[in-house]
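Asks: Following this line is run_38.tsv, made up of TSV, C-alpha atoms (C1' of nucleotides):
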chain	number	residue	atom	x	y	z
A	1	MET	CA	123.19	42.73	27.67
A	2	ASP	CA	124.17	39.61	29.56
A	3	ASP	CA	127.57	38.18	28.61
A	4	LEU	CA	129.31	41.38	27.59
A	5	ALA	CA	131.91	41.98	30.23
A	6	ALA	CA	131.68	45.74	30.54
A	7	PRO	CA	129.65	47.40	27.79
A	8	PRO	CA	131.33	50.74	27.14
A	9	ALA	CA	129.47	53.91	26.29
A	10	VAL	CA	127.57	53.17	23.09
A	11	ASP	CA	125.87	55.92	21.16
A	12	ALA	CA	124.39	56.05	17.71
A	13	GLU	CA	127.63	57.03	16.04
A	14	THR	CA	129.71	54.42	17.81
A	15	ALA	CA	127.12	51.74	17.20
A	16	LEU	CA	127.05	52.45	13.50
A	17	ALA	CA	130.80	52.76	13.16
A	18	ASP	CA	131.09	49.37	11.49
A	19	VAL	CA	128.54	49.45	8.70
A	20	PRO	CA	129.40	47.23	5.72
A	21	ALA	CA	130.94	49.54	3.11
A	22	GLY	CA	129.97	51.58	0.06
A	23	HIS	CA	130.00	55.34	-0.09
A	24	LYS	CA	129.10	55.00	3.55
A	25	ASP	CA	131.86	57.26	4.76
A	26	GLU	CA	129.62	60.23	4.13
A	27	LEU	CA	127.09	58.53	6.35
A	28	ARG	CA	129.65	57.98	9.05
A	29	LEU	CA	130.69	61.59	8.80
A	30	TRP	CA	127.09	62.69	9.21
A	31	LEU	CA	126.52	60.41	12.18
A	32	ARG	CA	129.63	61.65	13.89
A	33	LEU	CA	128.67	65.25	13.24
A	34	LEU	CA	125.25	64.57	14.68
A	35	ALA	CA	126.60	62.72	17.70
A	36	CYS	CA	129.00	65.54	18.44
A	37	THR	CA	126.34	68.21	18.23
A	38	THR	CA	123.85	66.18	20.24
A	39	LEU	CA	126.38	65.67	22.98
A	40	ILE	CA	127.19	69.35	23.31
A	41	GLU	CA	123.62	70.47	22.91
A	42	GLY	CA	122.42	68.06	25.58
A	43	CYS	CA	125.04	69.35	28.00
A	44	ILE	CA	124.12	72.97	27.38
A	45	ARG	CA	120.41	72.31	27.67
A	46	ARG	CA	120.92	70.52	30.95
A	47	ARG	CA	123.06	73.27	32.42
A	48	LEU	CA	120.68	75.99	31.30
A	49	ARG	CA	117.91	74.14	33.06
A	50	GLU	CA	119.88	73.36	36.22
A	51	GLN	CA	121.53	76.72	36.68
A	52	PHE	CA	119.11	79.20	35.16
A	53	ASP	CA	115.87	77.26	34.94
A	54	THR	CA	115.57	78.11	31.28
A	55	THR	CA	115.79	76.39	27.91
A	56	LEU	CA	117.91	76.65	24.80
A	57	PRO	CA	115.17	78.15	22.61
A	58	ARG	CA	114.49	80.85	25.21
A	59	PHE	CA	118.21	81.58	25.45
A	60	ASP	CA	118.50	81.71	21.67
A	61	MET	CA	115.68	84.17	21.36
A	62	LEU	CA	117.19	86.47	23.97
A	63	ALA	CA	120.54	86.19	22.20
A	64	GLN	CA	119.02	87.25	18.91
A	65	LEU	CA	117.30	90.21	20.50
A	66	GLU	CA	120.38	91.27	22.35
A	67	ARG	CA	122.40	91.67	19.19
A	68	ALA	CA	119.50	93.31	17.35
A	69	PRO	CA	119.02	97.06	16.88
A	70	PRO	CA	117.49	98.80	19.91
A	71	GLU	CA	114.06	99.00	18.34
A	72	GLY	CA	113.97	95.20	18.21
A	73	LEU	CA	112.98	92.70	15.57
A	74	THR	CA	109.72	91.61	14.04
A	75	LEU	CA	108.57	88.09	14.78
A	76	GLY	CA	109.12	87.14	11.16
A	77	GLU	CA	112.70	88.36	11.16
A	78	LEU	CA	113.27	86.46	14.39
A	79	SER	CA	111.84	83.37	12.79
A	80	ARG	CA	114.29	83.62	9.90
A	81	ARG	CA	117.29	84.24	12.11
A	82	MET	CA	116.50	81.41	14.46
A	83	MET	CA	115.73	79.09	11.56
A	84	VAL	CA	112.46	77.93	13.09
A	85	SER	CA	108.86	78.21	11.98
A	86	ASN	CA	106.66	81.22	12.51
A	87	GLY	CA	104.24	79.36	14.70
A	88	ASN	CA	107.07	78.43	16.96
A	89	ILE	CA	108.05	82.04	17.51
A	90	THR	CA	104.55	82.97	18.55
A	91	GLY	CA	104.55	80.65	21.54
A	92	LEU	CA	108.12	81.31	22.51
A	93	ALA	CA	107.59	85.07	22.47
A	94	ALA	CA	104.41	84.66	24.50
A	95	ARG	CA	106.25	82.73	27.21
A	96	LEU	CA	109.13	85.18	27.37
A	97	GLU	CA	106.69	88.07	27.48
A	98	ALA	CA	104.82	86.41	30.34
A	99	GLU	CA	108.12	86.17	32.19
A	100	GLY	CA	108.75	89.86	31.63
A	101	LEU	CA	111.95	89.34	29.62
A	102	VAL	CA	110.70	90.75	26.32
A	103	GLU	CA	108.03	93.21	25.29
A	104	ARG	CA	105.94	93.66	22.17
A	105	ARG	CA	105.36	96.98	20.59
A	106	ALA	CA	103.11	97.67	17.66
A	107	MET	CA	105.03	98.72	14.60
A	108	GLN	CA	103.87	102.07	13.36
A	109	GLY	CA	103.03	102.08	9.68
A	110	ASP	CA	102.21	98.37	9.56
A	111	ARG	CA	99.51	97.07	11.79
A	112	ARG	CA	100.25	93.47	10.85
A	113	ALA	CA	103.74	93.38	12.29
A	114	GLN	CA	105.03	93.99	15.76
A	115	MET	CA	108.48	94.57	17.15
A	116	LEU	CA	109.83	92.41	19.91
A	117	ARG	CA	112.62	93.68	22.12
A	118	LEU	CA	114.31	92.95	25.40
A	119	THR	CA	113.09	94.55	28.58
A	120	LEU	CA	115.73	95.86	30.94
A	121	ARG	CA	115.24	92.78	33.02
A	122	GLY	CA	115.58	90.60	29.95
A	123	ARG	CA	118.83	92.25	28.99
A	124	ARG	CA	120.29	91.86	32.45
A	125	GLU	CA	119.17	88.26	32.65
A	126	PHE	CA	120.62	87.42	29.26
A	127	ARG	CA	123.98	88.97	30.06
A	128	ARG	CA	124.16	86.98	33.23
A	129	GLN	CA	123.45	83.77	31.36
A	130	SER	CA	125.56	84.38	28.30
A	131	ALA	CA	128.82	84.93	30.13
A	132	VAL	CA	128.45	81.56	31.80
A	133	HIS	CA	127.27	79.94	28.61
A	134	GLU	CA	130.36	81.11	26.79
A	135	ALA	CA	132.57	79.61	29.47
A	136	TRP	CA	130.76	76.28	29.17
A	137	VAL	CA	131.47	76.11	25.47
A	138	ALA	CA	135.11	76.99	25.98
A	139	GLU	CA	135.33	74.29	28.61
A	140	LEU	CA	133.86	71.65	26.34
A	141	PHE	CA	136.42	72.38	23.63
A	142	GLN	CA	139.36	72.90	25.93
A	143	ASP	CA	141.08	69.64	25.01
A	144	LEU	CA	141.10	70.66	21.37
A	145	SER	CA	144.20	72.59	20.30
A	146	ALA	CA	143.81	76.03	18.80
A	147	ALA	CA	145.03	74.64	15.49
A	148	ASP	CA	142.46	71.86	15.57
A	149	ARG	CA	139.73	74.31	16.42
A	150	ALA	CA	140.70	76.54	13.54
A	151	ALA	CA	140.88	73.63	11.12
A	152	LEU	CA	137.55	72.31	12.29
A	153	PHE	CA	135.98	75.72	11.90
A	154	ARG	CA	137.27	76.01	8.37
A	155	LEU	CA	136.15	72.53	7.36
A	156	LEU	CA	132.71	73.08	8.80
A	157	GLY	CA	132.48	76.17	6.67
A	158	ARG	CA	133.19	74.09	3.59
A	159	ALA	CA	130.73	71.44	4.69
A	160	LYS	CA	128.06	74.07	5.14
A	161	ALA	CA	128.77	75.45	1.71
A	162	SER	CA	128.46	71.96	0.24
A	163	VAL	CA	125.12	71.42	1.94
A	164	ARG	CA	123.79	74.80	0.87
A	165	ALA	CA	124.85	74.10	-2.69
A	166	ALA	CA	122.98	70.80	-2.63
A	167	LEU	CA	119.90	72.53	-1.24
A	168	ASP	CA	120.10	75.18	-3.94
A	169	ARG	CA	120.35	72.53	-6.65
A	170	GLU	CA	117.28	70.93	-5.13
A	171	GLU	CA	115.02	73.94	-5.43
A	172	ALA	CA	116.42	75.16	-8.75
A	173	PRO	CA	116.79	72.12	-11.00
B	1	MET	CA	114.07	94.57	6.13
B	2	ASP	CA	113.43	97.74	4.22
B	3	ASP	CA	116.57	99.37	2.95
B	4	LEU	CA	118.80	96.35	2.67
B	5	ALA	CA	119.19	95.81	-1.04
B	6	ALA	CA	119.13	92.01	-1.10
B	7	PRO	CA	119.29	90.49	2.37
B	8	PRO	CA	121.34	87.30	1.94
B	9	ALA	CA	120.58	84.11	3.84
B	10	VAL	CA	121.07	84.91	7.50
B	11	ASP	CA	121.16	82.14	10.07
B	12	ALA	CA	122.20	82.04	13.69
B	13	GLU	CA	125.80	81.29	12.89
B	14	THR	CA	126.17	83.97	10.28
B	15	ALA	CA	124.42	86.53	12.43
B	16	LEU	CA	126.74	85.91	15.34
B	17	ALA	CA	129.88	85.82	13.23
B	18	ASP	CA	131.00	89.22	14.41
B	19	VAL	CA	130.81	89.07	18.16
B	20	PRO	CA	133.21	91.42	19.99
B	21	ALA	CA	136.18	89.22	20.99
B	22	GLY	CA	137.44	87.14	23.89
B	23	HIS	CA	137.77	83.41	23.86
B	24	LYS	CA	134.75	83.65	21.61
B	25	ASP	CA	136.25	81.53	18.89
B	26	GLU	CA	135.06	78.45	20.74
B	27	LEU	CA	131.62	79.98	20.67
B	28	ARG	CA	131.86	80.61	16.96
B	29	LEU	CA	132.99	77.04	16.44
B	30	TRP	CA	130.01	75.76	18.37
B	31	LEU	CA	127.58	77.95	16.48
B	32	ARG	CA	128.95	76.84	13.17
B	33	LEU	CA	128.80	73.21	14.22
B	34	LEU	CA	125.22	73.68	15.29
B	35	ALA	CA	124.23	75.53	12.14
B	36	CYS	CA	125.77	72.84	9.99
B	37	THR	CA	123.98	70.04	11.80
B	38	THR	CA	120.68	71.89	11.87
B	39	LEU	CA	120.86	72.48	8.14
B	40	ILE	CA	121.46	68.83	7.32
B	41	GLU	CA	119.01	67.55	9.86
B	42	GLY	CA	116.28	69.83	8.60
B	43	CYS	CA	116.83	68.64	5.06
B	44	ILE	CA	116.70	65.00	6.05
B	45	ARG	CA	113.61	65.45	8.19
B	46	ARG	CA	111.84	67.21	5.39
B	47	ARG	CA	112.69	64.57	2.83
B	48	LEU	CA	111.72	61.73	5.15
B	49	ARG	CA	108.37	63.40	5.58
B	50	GLU	CA	107.84	64.24	1.93
B	51	GLN	CA	108.99	60.97	0.44
B	52	PHE	CA	108.22	58.39	3.11
B	53	ASP	CA	105.76	60.14	5.38
B	54	THR	CA	107.91	59.33	8.38
B	55	THR	CA	110.12	61.12	10.87
B	56	LEU	CA	113.75	61.03	11.92
B	57	PRO	CA	113.10	59.43	15.33
B	58	ARG	CA	111.09	56.65	13.69
B	59	PHE	CA	113.83	56.13	11.13
B	60	ASP	CA	116.45	56.07	13.86
B	61	MET	CA	114.61	53.46	15.84
B	62	LEU	CA	114.24	51.22	12.81
B	63	ALA	CA	117.94	51.71	12.06
B	64	GLN	CA	118.91	50.63	15.55
B	65	LEU	CA	116.73	47.55	15.34
B	66	GLU	CA	117.99	46.64	11.91
B	67	ARG	CA	121.56	46.40	13.08
B	68	ALA	CA	120.59	44.65	16.31
B	69	PRO	CA	120.74	40.89	16.90
B	70	PRO	CA	117.74	39.02	15.47
B	71	GLU	CA	116.10	38.62	18.85
B	72	GLY	CA	115.90	42.40	19.09
B	73	LEU	CA	116.68	44.89	21.83
B	74	THR	CA	115.08	45.80	25.10
B	75	LEU	CA	113.51	49.23	25.33
B	76	GLY	CA	116.18	50.28	27.81
B	77	GLU	CA	119.02	49.29	25.51
B	78	LEU	CA	117.30	51.16	22.69
B	79	SER	CA	117.05	54.19	24.93
B	80	ARG	CA	120.78	54.13	25.59
B	81	ARG	CA	121.73	53.66	21.96
B	82	MET	CA	119.46	56.39	20.72
B	83	MET	CA	120.57	58.72	23.52
B	84	VAL	CA	117.01	59.64	24.42
B	85	SER	CA	114.95	59.17	27.56
B	86	ASN	CA	113.11	56.01	28.50
B	87	GLY	CA	109.73	57.65	28.37
B	88	ASN	CA	110.41	58.74	24.85
B	89	ILE	CA	111.05	55.19	23.71
B	90	THR	CA	107.74	54.04	25.12
B	91	GLY	CA	105.72	56.30	22.87
B	92	LEU	CA	107.90	55.86	19.83
B	93	ALA	CA	107.73	52.07	20.10
B	94	ALA	CA	103.97	52.26	20.55
B	95	ARG	CA	103.57	54.26	17.36
B	96	LEU	CA	105.81	51.98	15.33
B	97	GLU	CA	104.02	48.96	16.72
B	98	ALA	CA	100.67	50.45	15.76
B	99	GLU	CA	102.02	50.85	12.24
B	100	GLY	CA	103.08	47.21	12.18
B	101	LEU	CA	106.78	47.95	11.72
B	102	VAL	CA	108.01	46.52	15.02
B	103	GLU	CA	106.73	43.93	17.46
B	104	ARG	CA	107.14	43.43	21.19
B	105	ARG	CA	107.89	40.08	22.68
B	106	ALA	CA	108.04	39.31	26.38
B	107	MET	CA	111.55	38.45	27.48
B	108	GLN	CA	111.63	35.05	29.10
B	109	GLY	CA	113.37	35.06	32.45
B	110	ASP	CA	112.59	38.70	33.19
B	111	ARG	CA	109.00	39.75	33.23
B	112	ARG	CA	109.93	43.42	33.55
B	113	ALA	CA	111.70	43.69	30.22
B	114	GLN	CA	110.52	43.12	26.69
B	115	MET	CA	112.31	42.72	23.43
B	116	LEU	CA	111.48	44.92	20.49
B	117	ARG	CA	112.30	43.78	16.97
B	118	LEU	CA	111.47	44.56	13.38
B	119	THR	CA	108.61	42.83	11.69
B	120	LEU	CA	109.20	41.61	8.15
B	121	ARG	CA	107.33	44.65	6.92
B	122	GLY	CA	109.42	46.89	9.15
B	123	ARG	CA	112.63	45.44	7.78
B	124	ARG	CA	111.54	45.86	4.19
B	125	GLU	CA	110.36	49.38	4.82
B	126	PHE	CA	113.57	50.38	6.53
B	127	ARG	CA	115.74	48.98	3.75
B	128	ARG	CA	113.75	50.92	1.23
B	129	GLN	CA	114.21	54.12	3.20
B	130	SER	CA	117.83	53.69	4.21
B	131	ALA	CA	119.20	53.26	0.70
B	132	VAL	CA	117.68	56.58	-0.29
B	133	HIS	CA	118.71	58.20	2.97
B	134	GLU	CA	122.31	57.24	2.39
B	135	ALA	CA	122.22	58.78	-1.05
B	136	TRP	CA	120.86	62.01	0.40
B	137	VAL	CA	123.74	62.29	2.79
B	138	ALA	CA	126.27	61.58	0.08
B	139	GLU	CA	124.64	64.24	-2.06
B	140	LEU	CA	124.81	66.84	0.69
B	141	PHE	CA	128.53	66.30	1.14
B	142	GLN	CA	129.38	65.90	-2.49
B	143	ASP	CA	131.12	69.25	-2.82
B	144	LEU	CA	133.49	68.29	-0.03
B	145	SER	CA	136.65	66.55	-1.20
B	146	ALA	CA	137.49	63.11	0.14
B	147	ALA	CA	140.46	64.62	1.94
B	148	ASP	CA	138.29	67.27	3.57
B	149	ARG	CA	135.76	64.66	4.59
B	150	ALA	CA	138.45	62.54	6.16
B	151	ALA	CA	139.98	65.50	7.97
B	152	LEU	CA	136.60	66.64	9.20
B	153	PHE	CA	135.80	63.15	10.43
B	154	ARG	CA	139.06	62.98	12.34
B	155	LEU	CA	138.66	66.42	13.90
B	156	LEU	CA	135.12	65.69	14.95
B	157	GLY	CA	136.45	62.61	16.69
B	158	ARG	CA	138.84	64.78	18.65
B	159	ALA	CA	136.13	67.27	19.41
B	160	LYS	CA	133.92	64.52	20.71
B	161	ALA	CA	136.71	63.23	22.90
B	162	SER	CA	137.22	66.73	24.29
B	163	VAL	CA	133.54	67.06	25.10
B	164	ARG	CA	133.38	63.65	26.69
B	165	ALA	CA	136.40	64.47	28.80
B	166	ALA	CA	134.76	67.66	30.00
B	167	LEU	CA	131.60	65.76	30.85
B	168	ASP	CA	133.59	63.17	32.76
B	169	ARG	CA	135.36	65.87	34.73
B	170	GLU	CA	131.97	67.30	35.55
B	171	GLU	CA	130.58	64.19	37.17
B	172	ALA	CA	133.83	63.11	38.84
B	173	PRO	CA	135.34	66.27	40.40
C	1	DC	C1'	88.64	102.94	-4.91
C	2	DC	C1'	88.23	98.05	-5.28
C	3	DG	C1'	89.82	93.65	-5.41
C	4	DC	C1'	93.48	90.47	-5.00
C	5	DG	C1'	97.96	88.58	-4.27
C	6	DA	C1'	101.69	89.15	-0.93
C	7	DT	C1'	103.08	89.49	3.76
C	8	DG	C1'	102.91	89.07	9.06
C	9	DT	C1'	101.02	86.57	12.67
C	10	DT	C1'	98.16	83.19	15.13
C	11	DT	C1'	95.80	78.84	15.78
C	12	DG	C1'	95.15	73.79	15.80
C	13	DA	C1'	96.52	69.09	15.47
C	14	DA	C1'	100.08	66.04	15.93
C	15	DG	C1'	104.48	64.35	17.20
C	16	DC	C1'	108.84	64.57	19.81
C	17	DC	C1'	111.26	65.17	24.12
C	18	DT	C1'	112.34	65.55	29.03
C	19	DA	C1'	112.22	65.03	34.14
C	20	DA	C1'	110.03	63.13	37.81
C	21	DA	C1'	106.98	60.05	39.93
C	22	DG	C1'	104.99	55.59	40.00
C	23	DC	C1'	104.46	50.54	39.25
C	24	DA	C1'	106.23	45.87	38.63
C	25	DT	C1'	109.76	42.72	39.05
C	26	DT	C1'	114.27	41.03	40.19
C	27	DC	C1'	118.33	40.71	42.92
C	28	DC	C1'	120.77	40.38	47.07
C	29	DG	C1'	122.15	40.53	51.95
C	30	DG	C1'	120.97	39.09	56.28
D	1	DC	C1'	112.62	33.79	53.52
D	2	DC	C1'	112.07	38.70	53.69
D	3	DG	C1'	112.82	43.40	53.01
D	4	DG	C1'	114.88	46.89	50.60
D	5	DA	C1'	117.78	48.52	46.67
D	6	DA	C1'	118.14	48.20	41.85
D	7	DT	C1'	116.25	47.73	37.36
D	8	DG	C1'	112.78	48.02	33.42
D	9	DC	C1'	109.07	50.31	31.89
D	10	DT	C1'	105.02	53.59	31.82
D	11	DT	C1'	102.66	57.72	33.03
D	12	DT	C1'	102.18	62.65	33.63
D	13	DA	C1'	102.87	67.43	32.95
D	14	DG	C1'	104.92	70.69	30.33
D	15	DG	C1'	107.62	72.67	26.68
D	16	DC	C1'	109.27	72.68	21.82
D	17	DT	C1'	108.48	71.99	16.93
D	18	DT	C1'	106.28	71.55	12.54
D	19	DC	C1'	102.72	72.05	8.85
D	20	DA	C1'	98.65	73.70	7.24
D	21	DA	C1'	94.87	76.58	7.59
D	22	DA	C1'	92.90	80.85	9.10
D	23	DC	C1'	93.09	85.88	9.84
D	24	DA	C1'	94.53	90.53	9.32
D	25	DT	C1'	96.64	93.98	6.85
D	26	DC	C1'	99.22	96.07	3.13
D	27	DG	C1'	100.22	97.52	-1.56
D	28	DC	C1'	99.23	97.80	-6.08
D	29	DG	C1'	97.11	97.46	-10.67
D	30	DG	C1'	93.21	98.57	-13.03
What does the file become when written as structure tokens?

Replies:
Amino acid sequence: MDDLAAPPAVDAETALADVPAGHKDELRLWLRLLACTTLIEGCIRRRLREQFDTTLPRFDMLAQLERAPPEGLTLGELSRRMMVSNGNITGLAARLEAEGLVERRAMQGDRRAQMLRLTLRGRREFRRQSAVHEAWVAELFQDLSAADRAALFRLLGRAKASVRAALDREEAP
Amino acid sequence: MDDLAAPPAVDAETALADVPAGHKDELRLWLRLLACTTLIEGCIRRRLREQFDTTLPRFDMLAQLERAPPEGLTLGELSRRMMVSNGNITGLAARLEAEGLVERRAMQGDRRAQMLRLTLRGRREFRRQSAVHEAWVAELFQDLSAADRAALFRLLGRAKASVRAALDREEAP
DNA sequence: CCGCGATGTTTGAAGCCTAAAGCATTCCGG
DNA sequence: CCGGAATGCTTTAGGCTTCAAACATCGCGG
């Protein structure tokens, strides 16, 4: 911190770019993947806060409900789709309900479950946000050629398949 | 949830795979990137908890300190490298210190700052964890060919550059 | 029709994370 | 030397997240 002329931007992935050796290239790949995601996610979170005074989890929940059937989704289904815990959904839904963006409705035939769906206000608000959100993402990737984007998309698909396979092996030995 | 024969694994990325059209392919790319990272991160968090009773942030902090100069790092430098806020570092360092894995040492010449470094126990513990951690990552990517891994690594580098460029444009209009 | 395992949701405790405000110290220009 | 800007860290308030335990209800086998 003292005699380095001009310390350039150093993040976790850059800092770990020169680990000894081994089968460490998988590790480097993971760190770069993580750094990339963190960078984008941080930008989107910040803009959601600055421009819409909201958060990514709130936005995600609205997004799930918007593309759901008109009768809505149960909290459990929402939990699965958002890949977060049940307990998490409870609080998130409560906050969005308090803001008048979603509404609960008892599910007839099963008194345990309840449907959650967008209010009119929620739908309008989400549409307003999502158009801008989509432009942000496009902007962040704009220096990547269409070919690179396509290749990246395809490779990420394979990576995901590899990870899922490993997870399946784990629970079914 | 009732008449679907065998609902396959549905996550955010899969669920949004059929959005209308537009320049939505950037959005799909982002969602896939996010899904991929979330999947891996969740697996690693879970295993860190199950096998070492620790968390990813703790592990990250130890990792940063392990590859730091022997005198350690200041909290501020740690904050920059881990890409998290200052306030976050305070609590994290306090917890690790309470567990005897790191130690603070006043920095001579600047009474504001303090160096944080691994204790002997912290170093041993981290080495134990990191060897296993590296194997986990290799396992998760094992179905990806070396060529695919290399290509993915390269493309992620370009993606990161694109994002950084967009962020630079943002703060210097 | 009764009990009991499965399913849907909530609660509680703990940790992570941020932004913003505050405190202490250092640095620097006048 | 002195005052203010800059820097390093902590605190505070609030939200997100998880796991595990608790509750409520459903569905089914006996």

Asks: Taking all atoms listed in the file into account, find every residue of chain B that has an atom no more than 12 Å from chain C, and write it out as a list of chain:residue names.

Replies: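 Residues satisfying the distance criterion: B:Thr54, B:Thr55, B:Leu56, B:Pro57, B:Arg58, B:Met83, B:Val84, B:Ser85, B:Asn86, B:Gly87, B:Asn88, B:Ile89, B:Thr90, B:Gly91, B:Leu92, B:Arg95, B:Gly109, B:Asp110, B:Arg111, B:Arg112, B:Ala113.
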
Asks: Looking at all atoms listed in the file, which of B:Arg117, B:Arg158, B:Arg32, B:Arg81 is the one that sits closest to A:Leu144?

Replies: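 With all atoms listed in the file as the atom set, the closest residue is B:Arg158.
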
Asks: Using only C-alpha atoms (C1' of nucleotides), which residues of chain D come within 9 Å of chain B, and what is the closest atom pair for each, with the distance in Å to one decimal? Give it as JSON lines, sorted by chain and residue number.

Replies:
{"residue": "D:DT7", "atom": "C1'", "partner": "B:Arg112", "partner_atom": "CA", "distance": 8.5}
{"residue": "D:DG8", "atom": "C1'", "partner": "B:Arg112", "partner_atom": "CA", "distance": 5.4}
{"residue": "D:DC9", "atom": "C1'", "partner": "B:Arg112", "partner_atom": "CA", "distance": 7.1}
{"residue": "D:DT10", "atom": "C1'", "partner": "B:Gly87", "partner_atom": "CA", "distance": 7.1}
{"residue": "D:DT11", "atom": "C1'", "partner": "B:Gly87", "partner_atom": "CA", "distance": 8.5}

Asks: Tell me, in Å to one decimal, how far atom CA of A:Arg123 is from atom CA of A:Ala98.

Replies: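 Result for atom CA of A:Arg123 versus atom CA of A:Ala98: 15.2 Å, one decimal.
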
Asks: May I ask you to extract the residues of chain A within 6 Å of chain B, using only C-alpha atoms, and to give them as an MDAnalysis selection string?

Replies: chainID A and resid 10:12 26 29 36 81:82 138 140:141 143 153 160 162:163 166

Asks: Just the number, please: distance in Å from atom CA of B:Leu48 to atom CA of B:Arg105, one decimal.

Replies: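 Separating atom CA of B:Leu48 from atom CA of B:Arg105 is a distance of 28.1 Å.
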
Asks: Any idea what the distance is between atom C1' of D:DC23 and atom CA of A:Met107?

Replies: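 Interatomic distance, atom C1' of D:DC23 to atom CA of A:Met107: 18.2 Å.
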